[in-house]
Amino acid sequence: MGGQRGFTLLEILVALAILGLSAGVMLGALNTAANGSRAAADRAVALSVAQSLLAAQRFGPGAFGERSGETAQGFAWDVTIKPWAAGGAAIGVYWVRVAVARAGAPVVLTTLETGPAYAAR
């Protein structure tokens, strides 16, 4: 009798099992990369929304307080404006906090802005 040629059924099954496990690992890695990319895109949009909200604020004595809402894309936002006092003098500096989030940690911008003077409390 001549030597065996080809693969046995057991060898084929082992090769298919290894191939299946490898494909599962690769698909898991692709899914993780896609989720990370989506999260990065959401964070970039949230930052853009936060910068736009900050630029749209008008400062003055009536601007103090908190406001919140939601964008058409589903990003929740809130803006807080408080007077920033410096020794009780009439000044025009405002502490501003803007937070924007969809799913996950919010993007928060905090800054001091100038505007019309007000009597510090």
# chains A, B, ... in the order shown; residues from 1 in each chain; ligands from 1
>>> select_by_dssp(residues="chain A", states="strand (DSSP E or B)", output="VMD selection string")
chain A and resid 65 to 70 76 to 83 91 to 101 107 to 118
>>> residues_around(residues="Val96 (chain A)", least_positions_apart="6", cutoff="9 Å", atoms="only C-alpha atoms", output="ChimeraX atom specification")
/A:54,79-83,109-113
>>> residues_around(residues="Ala105 (chain A)", least_positions_apart="3", cutoff="12 Å", atoms="only C-alpha atoms", output="list in words")
Ala39, Ala40, Asp42, Arg43, Ala46, Leu47, Phe75, Ala76, Ala99, Val100, Ala101, Arg102 and Val108 of chain A
>>> atom_distance(atom1="CA of Arg67 (chain A)", atom2="CA of Val49 (chain A)")
14.6 Å
>>> closest_residue(among="A:Ala63, A:Ala15, A:Ala29, A:Val98", to="Gln51 (chain A)", atoms="only C-alpha atoms")
A:Val98
>>> atom_distance(atom1="CA of Trp77 (chain A)", atom2="CA of Arg97 (chain A)")
10.5 Å
>>> atom_distance(atom1="CA of Pro116 (chain A)", atom2="CA of Gly62 (chain A)")
10.5 Å
>>> residues_around(residues="Thr114 (chain A)", least_positions_apart="2", cutoff="7 Å", atoms="only C-alpha atoms", output="mmCIF file with N, CA and C atoms, in the first residue's frame")
data_model
loop_
_atom_site.group_PDB
_atom_site.id
_atom_site.type_symbol
_atom_site.label_atom_id
_atom_site.label_comp_id
_atom_site.auth_asym_id
_atom_site.auth_seq_id
_atom_site.Cartn_x
_atom_site.Cartn_y
_atom_site.Cartn_z
ATOM 1 N N GLY A 92 -16.829 93.497 35.678
ATOM 2 C CA GLY A 92 -17.559 92.863 34.589
ATOM 3 C C GLY A 92 -16.921 91.546 34.191
ATOM 4 N N VAL A 93 -16.691 90.676 35.168
ATOM 5 C CA VAL A 93 -16.105 89.374 34.884
ATOM 6 C C VAL A 93 -17.114 88.297 35.299
ATOM 7 N N TYR A 94 -17.290 87.331 34.410
ATOM 8 C CA TYR A 94 -18.278 86.280 34.626
ATOM 9 C C TYR A 94 -17.619 84.911 34.551
ATOM 10 N N LEU A 112 -13.470 82.330 32.278
ATOM 11 C CA LEU A 112 -13.886 83.651 32.738
ATOM 12 C C LEU A 112 -14.077 84.518 31.500
#
>>> closest_residue(among="A:Pro106, A:Ile18, A:Phe7, A:Tyr118", to="Trp84 (chain A)", atoms="only C-alpha atoms")
A:Tyr118
